[in-house]
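Next comes upload35.tsv, with TSV, C-alpha atoms and all ligand atoms.
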chain	number	residue	atom	x	y	z
A	10	MET	CA	20.29	183.53	85.90
A	11	VAL	CA	18.10	180.65	86.81
A	12	SER	CA	19.75	177.55	88.13
A	13	LEU	CA	17.93	174.32	88.11
A	14	ILE	CA	18.60	171.89	90.88
A	15	TRP	CA	17.69	168.36	90.00
A	16	SER	CA	16.98	166.04	92.81
A	17	ARG	CA	17.79	162.44	92.03
A	18	PRO	CA	14.64	160.30	92.15
A	19	ALA	CA	14.74	157.71	94.93
A	20	VAL	CA	15.67	154.29	93.59
A	21	THR	CA	13.41	151.63	94.99
A	22	THR	CA	14.09	148.00	94.32
A	23	VAL	CA	11.21	145.60	94.36
A	24	THR	CA	11.97	142.14	95.62
A	25	THR	CA	10.21	139.28	93.88
A	26	VAL	CA	8.77	136.77	96.32
A	27	ILE	CA	8.87	133.50	94.39
A	28	ASP	CA	5.57	131.69	94.85
A	29	GLY	CA	6.35	127.97	95.05
A	30	ASN	CA	2.67	127.03	95.11
A	31	GLU	CA	2.07	128.80	91.81
A	32	VAL	CA	5.11	127.24	90.12
A	33	ALA	CA	4.16	123.80	91.48
A	34	ASP	CA	0.61	124.24	90.11
A	35	GLY	CA	2.12	124.89	86.67
A	36	ILE	CA	4.21	121.71	86.89
A	37	ARG	CA	1.17	119.66	87.94
A	38	ALA	CA	-0.77	121.10	84.98
A	39	ASP	CA	2.09	120.09	82.64
A	40	LEU	CA	1.99	116.57	84.07
A	41	THR	CA	-1.69	116.15	83.22
A	42	GLY	CA	-0.93	115.72	79.52
A	43	ALA	CA	1.72	113.08	80.23
A	44	ILE	CA	-0.59	111.19	82.59
A	45	GLU	CA	-3.32	111.26	79.92
A	46	ARG	CA	-0.91	109.83	77.35
A	47	LEU	CA	-0.05	107.06	79.79
A	48	ALA	CA	-3.78	106.40	80.34
A	49	ASP	CA	-4.26	106.14	76.55
A	50	ALA	CA	-1.63	103.39	76.64
A	51	GLY	CA	-3.50	101.67	79.49
A	52	VAL	CA	-1.02	102.74	82.19
A	53	ARG	CA	-1.77	104.44	85.49
A	54	PRO	CA	1.38	105.55	87.32
A	55	GLY	CA	1.65	104.03	90.78
A	56	LEU	CA	3.65	105.50	93.66
A	57	ALA	CA	4.24	103.67	96.94
A	58	THR	CA	5.21	105.53	100.09
A	59	VAL	CA	6.77	103.54	102.90
A	60	LEU	CA	6.75	104.94	106.42
A	61	MET	CA	8.69	103.49	109.34
A	62	SER	CA	8.55	106.29	111.85
A	63	PRO	CA	6.20	107.66	114.50
A	64	ASP	CA	7.44	111.20	113.77
A	65	PRO	CA	4.38	113.44	113.19
A	66	ALA	CA	6.25	115.55	110.60
A	67	SER	CA	7.07	112.41	108.56
A	68	GLN	CA	3.44	111.29	108.82
A	69	THR	CA	2.30	114.69	107.55
A	70	TYR	CA	4.77	114.65	104.62
A	71	VAL	CA	3.65	111.17	103.58
A	72	SER	CA	-0.04	112.02	103.67
A	73	MET	CA	0.62	115.23	101.69
A	74	LYS	CA	2.42	113.15	99.06
A	75	GLN	CA	-0.42	110.64	98.88
A	76	ARG	CA	-3.02	113.41	98.51
A	77	ALA	CA	-0.95	115.04	95.79
A	78	CYS	CA	-0.87	111.71	93.88
A	79	GLU	CA	-4.65	111.41	93.98
A	80	ASP	CA	-5.06	114.97	92.69
A	81	VAL	CA	-3.14	114.27	89.47
A	82	GLY	CA	-4.33	110.70	88.82
A	83	ILE	CA	-1.36	108.76	90.18
A	84	GLU	CA	-2.31	105.63	92.10
A	85	GLY	CA	-1.01	106.06	95.64
A	86	VAL	CA	-0.15	103.06	97.78
A	87	HIS	CA	0.87	103.57	101.39
A	88	VAL	CA	2.64	100.97	103.50
A	89	GLU	CA	3.52	101.38	107.18
A	90	VAL	CA	6.19	99.29	108.85
A	91	ASP	CA	6.21	99.12	112.63
A	92	THR	CA	8.96	101.35	114.03
A	93	ASP	CA	10.28	98.55	116.26
A	94	ALA	CA	10.23	95.89	113.54
A	95	PRO	CA	13.59	94.47	112.43
A	96	ALA	CA	15.25	96.13	109.44
A	97	THR	CA	14.57	92.98	107.41
A	98	GLU	CA	10.85	93.72	107.54
A	99	LEU	CA	11.41	97.05	105.80
A	100	TYR	CA	13.73	95.41	103.25
A	101	GLY	CA	11.07	92.75	102.58
A	102	THR	CA	8.45	95.47	102.05
A	103	VAL	CA	10.69	97.26	99.55
A	104	GLU	CA	11.42	94.03	97.69
A	105	GLY	CA	7.69	93.26	97.50
A	106	LEU	CA	7.06	96.68	95.97
A	107	ASN	CA	9.95	96.17	93.53
A	108	ALA	CA	8.15	93.08	92.27
A	109	ASP	CA	4.73	94.76	91.98
A	110	PRO	CA	4.16	95.80	88.33
A	111	ASP	CA	1.52	98.39	89.34
A	112	VAL	CA	4.06	100.26	91.48
A	113	HIS	CA	6.39	102.41	89.35
A	114	GLY	CA	7.86	104.54	92.11
A	115	ILE	CA	8.92	103.77	95.69
A	116	LEU	CA	9.62	106.40	98.29
A	117	VAL	CA	10.97	105.37	101.68
A	118	GLN	CA	10.29	108.31	103.98
A	119	LEU	CA	13.42	109.41	105.86
A	120	PRO	CA	14.56	109.51	108.59
A	121	LEU	CA	14.38	105.83	109.52
A	122	PRO	CA	14.71	104.47	113.07
A	123	GLU	CA	18.28	104.22	114.35
A	124	HIS	CA	18.48	100.45	113.96
A	125	VAL	CA	17.80	100.68	110.19
A	126	PRO	CA	20.71	102.05	108.13
A	127	ALA	CA	19.09	104.33	105.52
A	128	HIS	CA	21.63	103.41	102.83
A	129	GLU	CA	20.81	99.70	103.23
A	130	ALA	CA	17.11	100.42	102.70
A	131	LEU	CA	17.67	102.78	99.77
A	132	GLU	CA	20.02	100.34	98.02
A	133	ARG	CA	17.25	97.74	97.98
A	134	ILE	CA	14.94	99.91	95.87
A	135	ASP	CA	14.93	98.96	92.18
A	136	PRO	CA	16.85	101.94	90.70
A	137	ARG	CA	14.17	102.37	88.03
A	138	LYS	CA	11.58	102.80	90.82
A	139	ASP	CA	13.81	105.08	92.92
A	140	VAL	CA	11.83	108.30	92.44
A	141	ASP	CA	13.79	110.07	95.19
A	142	GLY	CA	16.96	109.54	93.16
A	143	LEU	CA	18.92	108.34	96.21
A	144	HIS	CA	20.00	104.85	95.06
A	145	PRO	CA	23.78	104.84	94.43
A	146	GLU	CA	23.17	104.03	90.74
A	147	ASN	CA	21.01	107.14	90.37
A	148	VAL	CA	23.42	109.25	92.43
A	149	GLY	CA	26.23	108.08	90.12
A	150	ARG	CA	24.22	108.92	87.02
A	151	LEU	CA	23.51	112.42	88.35
A	152	VAL	CA	27.17	113.02	89.18
A	153	ALA	CA	28.13	111.78	85.70
A	154	GLY	CA	25.71	114.31	84.18
A	155	ARG	CA	23.24	111.69	82.92
A	156	PRO	CA	20.50	111.76	85.56
A	157	ARG	CA	17.64	109.26	85.40
A	158	TYR	CA	15.64	111.03	88.12
A	159	LYS	CA	16.84	114.26	89.70
A	160	PRO	CA	16.23	114.21	93.47
A	161	CYS	CA	12.98	116.05	94.16
A	162	THR	CA	14.09	119.01	96.28
A	163	PRO	CA	17.15	119.92	94.15
A	164	HIS	CA	15.05	119.56	91.00
A	165	GLY	CA	12.40	121.77	92.61
A	166	VAL	CA	15.01	124.43	93.40
A	167	GLN	CA	16.24	124.34	89.79
A	168	ARG	CA	12.68	124.75	88.49
A	169	LEU	CA	12.01	127.64	90.90
A	170	LEU	CA	15.08	129.46	89.59
A	171	GLY	CA	13.86	128.91	86.04
A	172	ALA	CA	10.40	130.22	86.90
A	173	ALA	CA	11.97	133.32	88.48
A	174	GLY	CA	13.95	133.94	85.28
A	175	VAL	CA	17.28	133.21	86.97
A	176	ASP	CA	19.57	131.19	84.69
A	177	PRO	CA	22.35	129.68	86.85
A	178	GLU	CA	24.78	129.56	83.89
A	179	GLY	CA	28.03	131.26	84.85
A	180	LYS	CA	26.66	132.45	88.17
A	181	ASP	CA	28.23	131.98	91.58
A	182	VAL	CA	25.94	129.78	93.64
A	183	THR	CA	26.53	129.08	97.32
A	184	VAL	CA	24.70	126.15	98.89
A	185	VAL	CA	24.70	125.91	102.69
A	186	GLY	CA	24.27	122.23	103.63
A	187	ARG	CA	25.85	119.11	102.11
A	188	SER	CA	23.26	116.42	102.85
A	189	GLU	CA	22.73	113.50	100.49
A	190	ILE	CA	19.14	114.57	99.78
A	191	VAL	CA	19.53	118.32	99.31
A	192	GLY	CA	22.95	119.98	99.30
A	193	LYS	CA	25.13	117.48	97.40
A	194	PRO	CA	22.65	116.60	94.66
A	195	LEU	CA	21.75	120.28	94.28
A	196	ALA	CA	25.43	121.11	93.73
A	197	ASN	CA	25.47	118.48	90.97
A	198	VAL	CA	22.21	119.58	89.39
A	199	LEU	CA	23.40	123.19	89.18
A	200	THR	CA	26.95	122.33	88.06
A	201	ASN	CA	26.01	119.86	85.33
A	202	GLU	CA	26.45	120.94	81.74
A	203	SER	CA	22.77	121.19	80.91
A	204	GLU	CA	19.91	123.66	80.79
A	205	GLY	CA	19.39	125.14	84.25
A	206	GLY	CA	22.95	124.17	85.20
A	207	ASN	CA	26.45	125.45	84.32
A	208	ALA	CA	26.81	127.36	87.58
A	209	THR	CA	29.94	127.62	89.72
A	210	VAL	CA	28.88	126.11	93.03
A	211	THR	CA	30.42	126.50	96.47
A	212	LEU	CA	29.10	123.80	98.80
A	213	CYS	CA	29.27	124.78	102.47
A	214	HIS	CA	28.76	122.83	105.69
A	215	SER	CA	29.36	123.07	109.42
A	216	ARG	CA	33.17	123.00	109.01
A	217	THR	CA	33.26	125.75	106.40
A	218	ARG	CA	35.52	128.63	107.42
A	219	ASP	CA	34.09	132.16	107.13
A	220	LEU	CA	30.70	131.06	105.88
A	221	ALA	CA	29.46	134.65	105.58
A	222	ALA	CA	32.19	135.48	103.03
A	223	LYS	CA	30.98	132.60	100.86
A	224	THR	CA	27.28	133.42	101.18
A	225	ARG	CA	27.79	137.17	100.58
A	226	ARG	CA	29.53	136.67	97.25
A	227	ALA	CA	26.76	134.43	95.88
A	228	ASP	CA	24.55	135.50	93.00
A	229	VAL	CA	22.28	132.67	94.10
A	230	LEU	CA	22.24	131.59	97.74
A	231	VAL	CA	20.53	128.35	98.74
A	232	ALA	CA	20.07	127.70	102.45
A	233	ALA	CA	19.61	124.03	103.39
A	234	ALA	CA	21.14	123.68	106.85
A	235	GLY	CA	18.08	123.11	109.02
A	236	ARG	CA	18.97	126.02	111.33
A	237	ALA	CA	16.14	128.45	111.97
A	238	GLU	CA	16.83	131.87	110.43
A	239	MET	CA	20.62	131.43	110.48
A	240	ILE	CA	21.04	133.51	107.30
A	241	GLY	CA	20.75	137.16	108.26
A	242	ALA	CA	20.98	140.26	106.07
A	243	ASP	CA	24.72	140.59	106.74
A	244	MET	CA	25.27	137.20	105.04
A	245	VAL	CA	23.55	138.14	101.77
A	246	GLY	CA	24.92	140.19	98.89
A	247	GLU	CA	22.89	143.03	97.39
A	248	GLY	CA	20.66	141.78	94.57
A	249	ALA	CA	21.08	138.06	95.27
A	250	THR	CA	18.47	135.40	94.61
A	251	VAL	CA	17.79	133.57	97.87
A	252	ILE	CA	16.25	130.12	97.97
A	253	ASP	CA	15.29	128.85	101.41
A	254	VAL	CA	15.01	125.07	101.65
A	255	GLY	CA	14.90	124.95	105.45
A	256	ILE	CA	11.81	123.94	107.37
A	257	ASN	CA	12.21	124.48	111.10
A	258	ARG	CA	9.65	124.33	113.87
A	259	VAL	CA	10.02	127.11	116.41
A	260	ASP	CA	7.89	127.65	119.51
A	261	ALA	CA	5.18	130.19	118.86
A	262	ASP	CA	1.95	131.43	120.34
A	263	THR	CA	-0.18	129.58	117.80
A	264	GLU	CA	-2.86	126.90	118.11
A	265	LYS	CA	-0.24	124.20	117.47
A	266	GLY	CA	2.29	125.84	119.76
A	267	TYR	CA	4.83	126.25	116.96
A	268	GLU	CA	5.34	127.84	113.58
A	269	LEU	CA	7.47	126.92	110.58
A	270	VAL	CA	10.37	129.14	109.63
A	271	GLY	CA	13.13	128.73	107.10
A	272	ASP	CA	16.91	128.95	107.40
A	273	VAL	CA	16.73	132.55	106.18
A	274	ASP	CA	15.58	135.51	108.24
A	275	PHE	CA	13.01	136.41	105.59
A	276	GLU	CA	12.04	139.91	106.75
A	277	ALA	CA	15.65	141.00	107.28
A	278	VAL	CA	16.99	139.53	104.02
A	279	LYS	CA	14.11	140.41	101.68
A	280	PRO	CA	15.06	144.10	101.17
A	281	LYS	CA	18.55	143.06	99.98
A	282	ALA	CA	17.44	140.29	97.65
A	283	ASP	CA	16.26	140.53	94.07
A	284	ALA	CA	14.15	137.43	94.59
A	285	ILE	CA	13.47	135.22	97.59
A	286	THR	CA	11.37	132.19	98.48
A	287	PRO	CA	9.11	132.21	101.54
A	288	VAL	CA	8.69	129.41	104.10
A	289	PRO	CA	6.17	127.90	103.88
A	290	GLY	CA	5.10	128.21	100.26
A	291	GLY	CA	8.49	128.18	98.54
A	292	VAL	CA	10.54	125.02	98.03
A	293	GLY	CA	8.14	122.71	99.95
A	294	PRO	CA	5.38	122.52	97.30
A	295	MET	CA	8.05	122.06	94.61
A	296	THR	CA	9.47	118.97	96.31
A	297	ILE	CA	6.06	117.31	96.07
A	298	ALA	CA	5.49	118.45	92.48
A	299	MET	CA	8.84	116.99	91.40
A	300	LEU	CA	8.00	113.71	93.14
A	301	LEU	CA	4.87	113.50	90.97
A	302	TYR	CA	7.06	114.35	87.99
A	303	ASN	CA	9.50	111.53	88.80
A	304	ALA	CA	6.66	109.04	89.41
A	305	THR	CA	5.23	109.90	85.98
A	306	ALA	CA	8.68	109.60	84.39
A	307	ALA	CA	9.19	106.24	86.14
A	308	ALA	CA	5.89	104.87	84.80
A	309	ALA	CA	6.74	106.04	81.27
A	310	LEU	CA	10.21	104.47	81.48
A	311	GLN	CA	9.05	101.12	82.83
A	312	GLU	CA	6.07	100.82	80.50
A	313	GLY	CA	7.94	102.07	77.42
A	314	VAL	CA	5.53	104.95	76.74
A	315	ASP	CA	6.90	108.19	75.28
A	316	VAL	CA	5.23	111.02	77.21
A	317	ASP	CA	7.57	113.89	76.39
A	318	LEU	CA	7.81	115.34	79.91
A	319	PRO	CA	8.64	119.06	80.02
A	401	LIG	P1	20.75	117.62	107.24
A	401	LIG	O1	20.64	117.82	108.71
A	401	LIG	O2	20.87	116.26	106.71
A	401	LIG	O3	21.98	118.48	106.69
A	401	LIG	C1	22.20	119.77	107.13
A	401	LIG	C2	23.46	120.29	106.50
A	401	LIG	O4	23.64	121.64	106.93
A	401	LIG	C3	24.72	119.52	106.89
A	401	LIG	O5	25.53	119.36	105.76
A	401	LIG	C4	25.37	120.42	107.92
A	401	LIG	O6	26.79	120.33	107.93
A	401	LIG	C5	24.95	121.79	107.45
A	401	LIG	N1	24.93	122.76	108.54
A	401	LIG	C6	24.25	122.66	109.70
A	401	LIG	N2	24.48	123.74	110.46
A	401	LIG	C7	25.31	124.53	109.76
A	401	LIG	C8	25.92	125.77	110.03
A	401	LIG	N3	25.71	126.43	111.17
A	401	LIG	N4	26.73	126.29	109.09
A	401	LIG	C9	26.95	125.64	107.92
A	401	LIG	N5	26.40	124.45	107.61
A	401	LIG	C10	25.60	123.91	108.53
A	401	LIG	O7	19.46	118.36	106.65
A	401	LIG	P2	18.69	118.18	105.25
A	401	LIG	O8	19.58	118.46	104.12
A	401	LIG	O9	17.92	116.93	105.28
A	401	LIG	O10	17.63	119.37	105.40
A	401	LIG	C11	18.04	120.70	105.54
A	401	LIG	C12	16.80	121.55	105.82
A	401	LIG	O11	15.94	121.48	104.70
A	401	LIG	C13	15.96	121.08	107.01
A	401	LIG	O12	15.38	122.20	107.62
A	401	LIG	C14	14.88	120.23	106.36
A	401	LIG	O13	13.70	120.19	107.14
A	401	LIG	C15	14.67	120.99	105.09
A	401	LIG	N6	14.14	120.22	103.99
A	401	LIG	C16	13.15	120.79	103.25
A	401	LIG	C17	12.64	120.17	102.17
A	401	LIG	C18	11.59	120.88	101.39
A	401	LIG	O14	10.90	120.24	100.63
A	401	LIG	N7	11.46	122.20	101.53
A	401	LIG	C19	13.07	118.84	101.75
A	401	LIG	C20	14.19	118.33	102.52
A	401	LIG	C21	14.70	119.01	103.60
A	401	LIG	P3	27.58	118.97	108.31
A	401	LIG	O15	27.43	118.07	107.12
A	401	LIG	O16	28.97	119.42	108.50
A	401	LIG	O17	26.92	118.43	109.54
Please lay out the structure from this file as structure tokens.
Amino acid sequence: MVSLIWSRPAVTTVTTVIDGNEVADGIRADLTGAIERLADAGVRPGLATVLMSPDPASQTYVSMKQRACEDVGIEGVHVEVDTDAPATELYGTVEGLNADPDVHGILVQLPLPEHVPAHEALERIDPRKDVDGLHPENVGRLVAGRPRYKPCTPHGVQRLLGAAGVDPEGKDVTVVGRSEIVGKPLANVLTNESEGGNATVTLCHSRTRDLAAKTRRADVLVAAAGRAEMIGADMVGEGATVIDVGINRVDADTEKGYELVGDVDFEAVKPKADAITPVPGGVGPMTIAMLLYNATAAAALQEGVDVDLP
């Protein structure tokens, strides 16, 4: 008698590394049509960036945003306010931009110096020009499920999930970080009853008890705490989608003396994840793409041109 012994083939899972640059390129390409339709109506979207900080990282972000505007045909205007100037000088700058009909979007780069309360500055932006979506009117609209502009990073995360074929509907999502610019609006974006939403979101922060239990049970885990590589493999469930928003500088033997890492220990977590974003090259490029998206939407709204943004 012949007995056959079958050996089970080894199961290998392949993790998708979500390429934020590629997804962002697709969004920029989609915007071209809308920007052309605006041009046909005699409108060129204008985006003003306002910087009141000597921080080199903020300077880099602002110049990246300006370059990105130029690339897609948005008119970029950059204004610098002296870091030591009184808060009223920043407020005056914002009010001047509110009144400028060629400026459709205003972005005040955060963080601001200690003597300038960020909420005071943000509240002075005309809500229709608030392309960061941080004015209380726009925050309220988002919470109510009727967003005017979705904040750029949360919107970028939502688009990355869509591009990776991950529909949040019905899924357990854990977000680590409850900031006004990332964590809280992301929880709203993913909870809202709309396409790319309908998730069940757990929003964690530094007082959360047993964080690992909450991150492990997530179908989708978003790390936005600003703590280098704090999410290790033991904090991630098998087959999860992991989105790393964090950008942290750590000392390294490089020309600049540092390197950028995320909040997720990429190499350790990757084998457990179904899909994961890298840092850099994940959420970062999406934040800029969604800023261009909001600036285009703002121009269309203020000029009354229907551009049918995707
Ligand atoms: P904030 O510092 O404003 O918020 C951090 C949040 O993380 C807080 O809610 C804090 O809790 C929470 N947190 C910190 N440590 C822990 C911990 N050990 N366990 C649980 N929660 C913790 O940061 P931002 O939201 O502005 O940014 C977060 C990260 O994302 C940063 O690295 C930033 O550079 C990056 N970023 C990246 C962007 C991109 O385009 N890729 C855009 C914006 C930000 P608590 O509220 O209790 O203090």
Edge lengths and centre in Å, axis-aligned, ligand LIG 401 (chain A) plus 5 Å each side, as lines of an AutoDock Vina configuration file:
center_x = 19.9
center_y = 121.3
center_z = 105.9
size_x = 28.1
size_y = 20.2
size_z = 20.5
Kindly compile the residues surrounding ligand LIG 401 (chain A) within 7 Å, counting only C-alpha atoms and all ligand atoms, and format them as an mmCIF file with C-alpha atoms, in the frame of the given file.
data_model
loop_
_atom_site.group_PDB
_atom_site.id
_atom_site.type_symbol
_atom_site.label_atom_id
_atom_site.label_comp_id
_atom_site.auth_asym_id
_atom_site.auth_seq_id
_atom_site.Cartn_x
_atom_site.Cartn_y
_atom_site.Cartn_z
ATOM 1 C CA THR A 162 14.090 119.010 96.280
ATOM 2 C CA VAL A 185 24.700 125.910 102.690
ATOM 3 C CA GLY A 186 24.270 122.230 103.630
ATOM 4 C CA ARG A 187 25.850 119.110 102.110
ATOM 5 C CA SER A 188 23.260 116.420 102.850
ATOM 6 C CA GLU A 189 22.730 113.500 100.490
ATOM 7 C CA ILE A 190 19.140 114.570 99.780
ATOM 8 C CA VAL A 191 19.530 118.320 99.310
ATOM 9 C CA GLY A 192 22.950 119.980 99.300
ATOM 10 C CA CYS A 213 29.270 124.780 102.470
ATOM 11 C CA HIS A 214 28.760 122.830 105.690
ATOM 12 C CA SER A 215 29.360 123.070 109.420
ATOM 13 C CA ARG A 216 33.170 123.000 109.010
ATOM 14 C CA THR A 217 33.260 125.750 106.400
ATOM 15 C CA LEU A 220 30.700 131.060 105.880
ATOM 16 C CA ALA A 233 19.610 124.030 103.390
ATOM 17 C CA ALA A 234 21.140 123.680 106.850
ATOM 18 C CA GLY A 235 18.080 123.110 109.020
ATOM 19 C CA ARG A 236 18.970 126.020 111.330
ATOM 20 C CA VAL A 254 15.010 125.070 101.650
ATOM 21 C CA GLY A 255 14.900 124.950 105.450
ATOM 22 C CA ILE A 256 11.810 123.940 107.370
ATOM 23 C CA ASN A 257 12.210 124.480 111.100
ATOM 24 C CA GLY A 271 13.130 128.730 107.100
ATOM 25 C CA ASP A 272 16.910 128.950 107.400
ATOM 26 C CA VAL A 292 10.540 125.020 98.030
ATOM 27 C CA GLY A 293 8.140 122.710 99.950
ATOM 28 C CA PRO A 294 5.380 122.520 97.300
ATOM 29 C CA MET A 295 8.050 122.060 94.610
ATOM 30 C CA THR A 296 9.470 118.970 96.310
#
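When only C-alpha atoms are used to compute distances to Asn107 (chain A), the closest of the residues A:Ala127, A:Val88, A:Ala57, A:Leu212 turns out to be A:Ala57.
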ask   = Is there a way to get, as a list in words, all residues within 10 Å of the point (21.1, 127.1, 84.3) in file coordinates, counting all atoms listed in the file?
value =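 The answer, in the requested form, is Gln167, Arg168, Leu170, Gly171, Gly174, Val175, Asp176, Pro177, Glu178, Gly179, Lys180, Val198, Leu199, Thr200, Asn201, Glu202, Ser203, Glu204, Gly205, Gly206, Asn207 and Ala208 of chain A.
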Counting all atoms listed in the file, the option among A:Met299, A:Leu56, A:Ala221, A:Leu99 closest to Gly85 (chain A) = A:Leu56
task = Just give me the gap between CA of Val59 (chain A) and CA of Glu89 (chain A) in Å, one decimal is fine.
result =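 A separation of 5.8 Å between them.
Relative to CA of Ala307 (chain A), CA of Arg155 (chain A) is found at 15.4 Å.
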task = Measure the distance from CA of Gly290 (chain A) to CA of Ile252 (chain A) in Å and round it to one decimal.
result =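 Computing it gives 11.5 Å between the two atoms.
Neighbouring residues of Gly246 (chain A) at 10 Å or closer, counting only C-alpha atoms and skipping chain neighbours under 2 positions away, are Ala221, Ala222, Lys223, Thr224, Arg225, Arg226, Ala227, Asp228, Val229, Leu230, Ala242, Asp243, Met244, Gly248, Ala249, Thr250, Val251, Val278, Lys281, Ala282 and Asp283 of chain A.
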ask   = With all atoms listed in the file as the basis for distance, which of A:Val259, A:Ile297, A:Val316, A:Ala277 is at the shortest distance from Tyr70 (chain A)?
value =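 Checking each of A:Val259, A:Ile297, A:Val316, A:Ala277 against Tyr70 (chain A), counting all atoms listed in the file, the winner is A:Ile297.
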inquiry  = My list of candidates is A:Glu238, A:Leu119, A:Thr286, A:Leu169. Which is closest to Asp34 (chain A) when distances are computed with all atoms listed in the file?
reply    = A:Leu169
task = Rank nothing, just name the residue among A:Arg76, A:Ala48, A:Glu31, A:Pro122 nearest to Ser62 (chain A), using only C-alpha atoms.
result =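 Answer, going by the shortest atom-to-atom distance: A:Pro122.
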Closest atom pairs, residues of region 136-233 of chain A within 6 Å of region 112-118 of chain A, all atoms listed in the file, as JSON lines:
{"residue": "A:Lys138", "atom": "CA", "partner": "A:Gly114", "partner_atom": "CA", "distance": 4.3}
{"residue": "A:Asp139", "atom": "CA", "partner": "A:Ile115", "partner_atom": "CA", "distance": 5.8}
{"residue": "A:Val140", "atom": "CA", "partner": "A:Gly114", "partner_atom": "CA", "distance": 5.5}
ask   = Between A:Glu129, A:Glu268, A:Asp49, A:Asp317, which has the minimum distance to His144 (chain A) (counting all atoms listed in the file)?
value = A:Glu129
request  = List every protein, DNA or RNA residue that has at least one atom no more than 12 Å from (2.7, 117.8, 109.3) in the file's coordinates, counting all atoms listed in the file, and write the result as a PyMOL selection string.
outcome  = chain A and resi 63-74+256-258+265+267-269+289+293
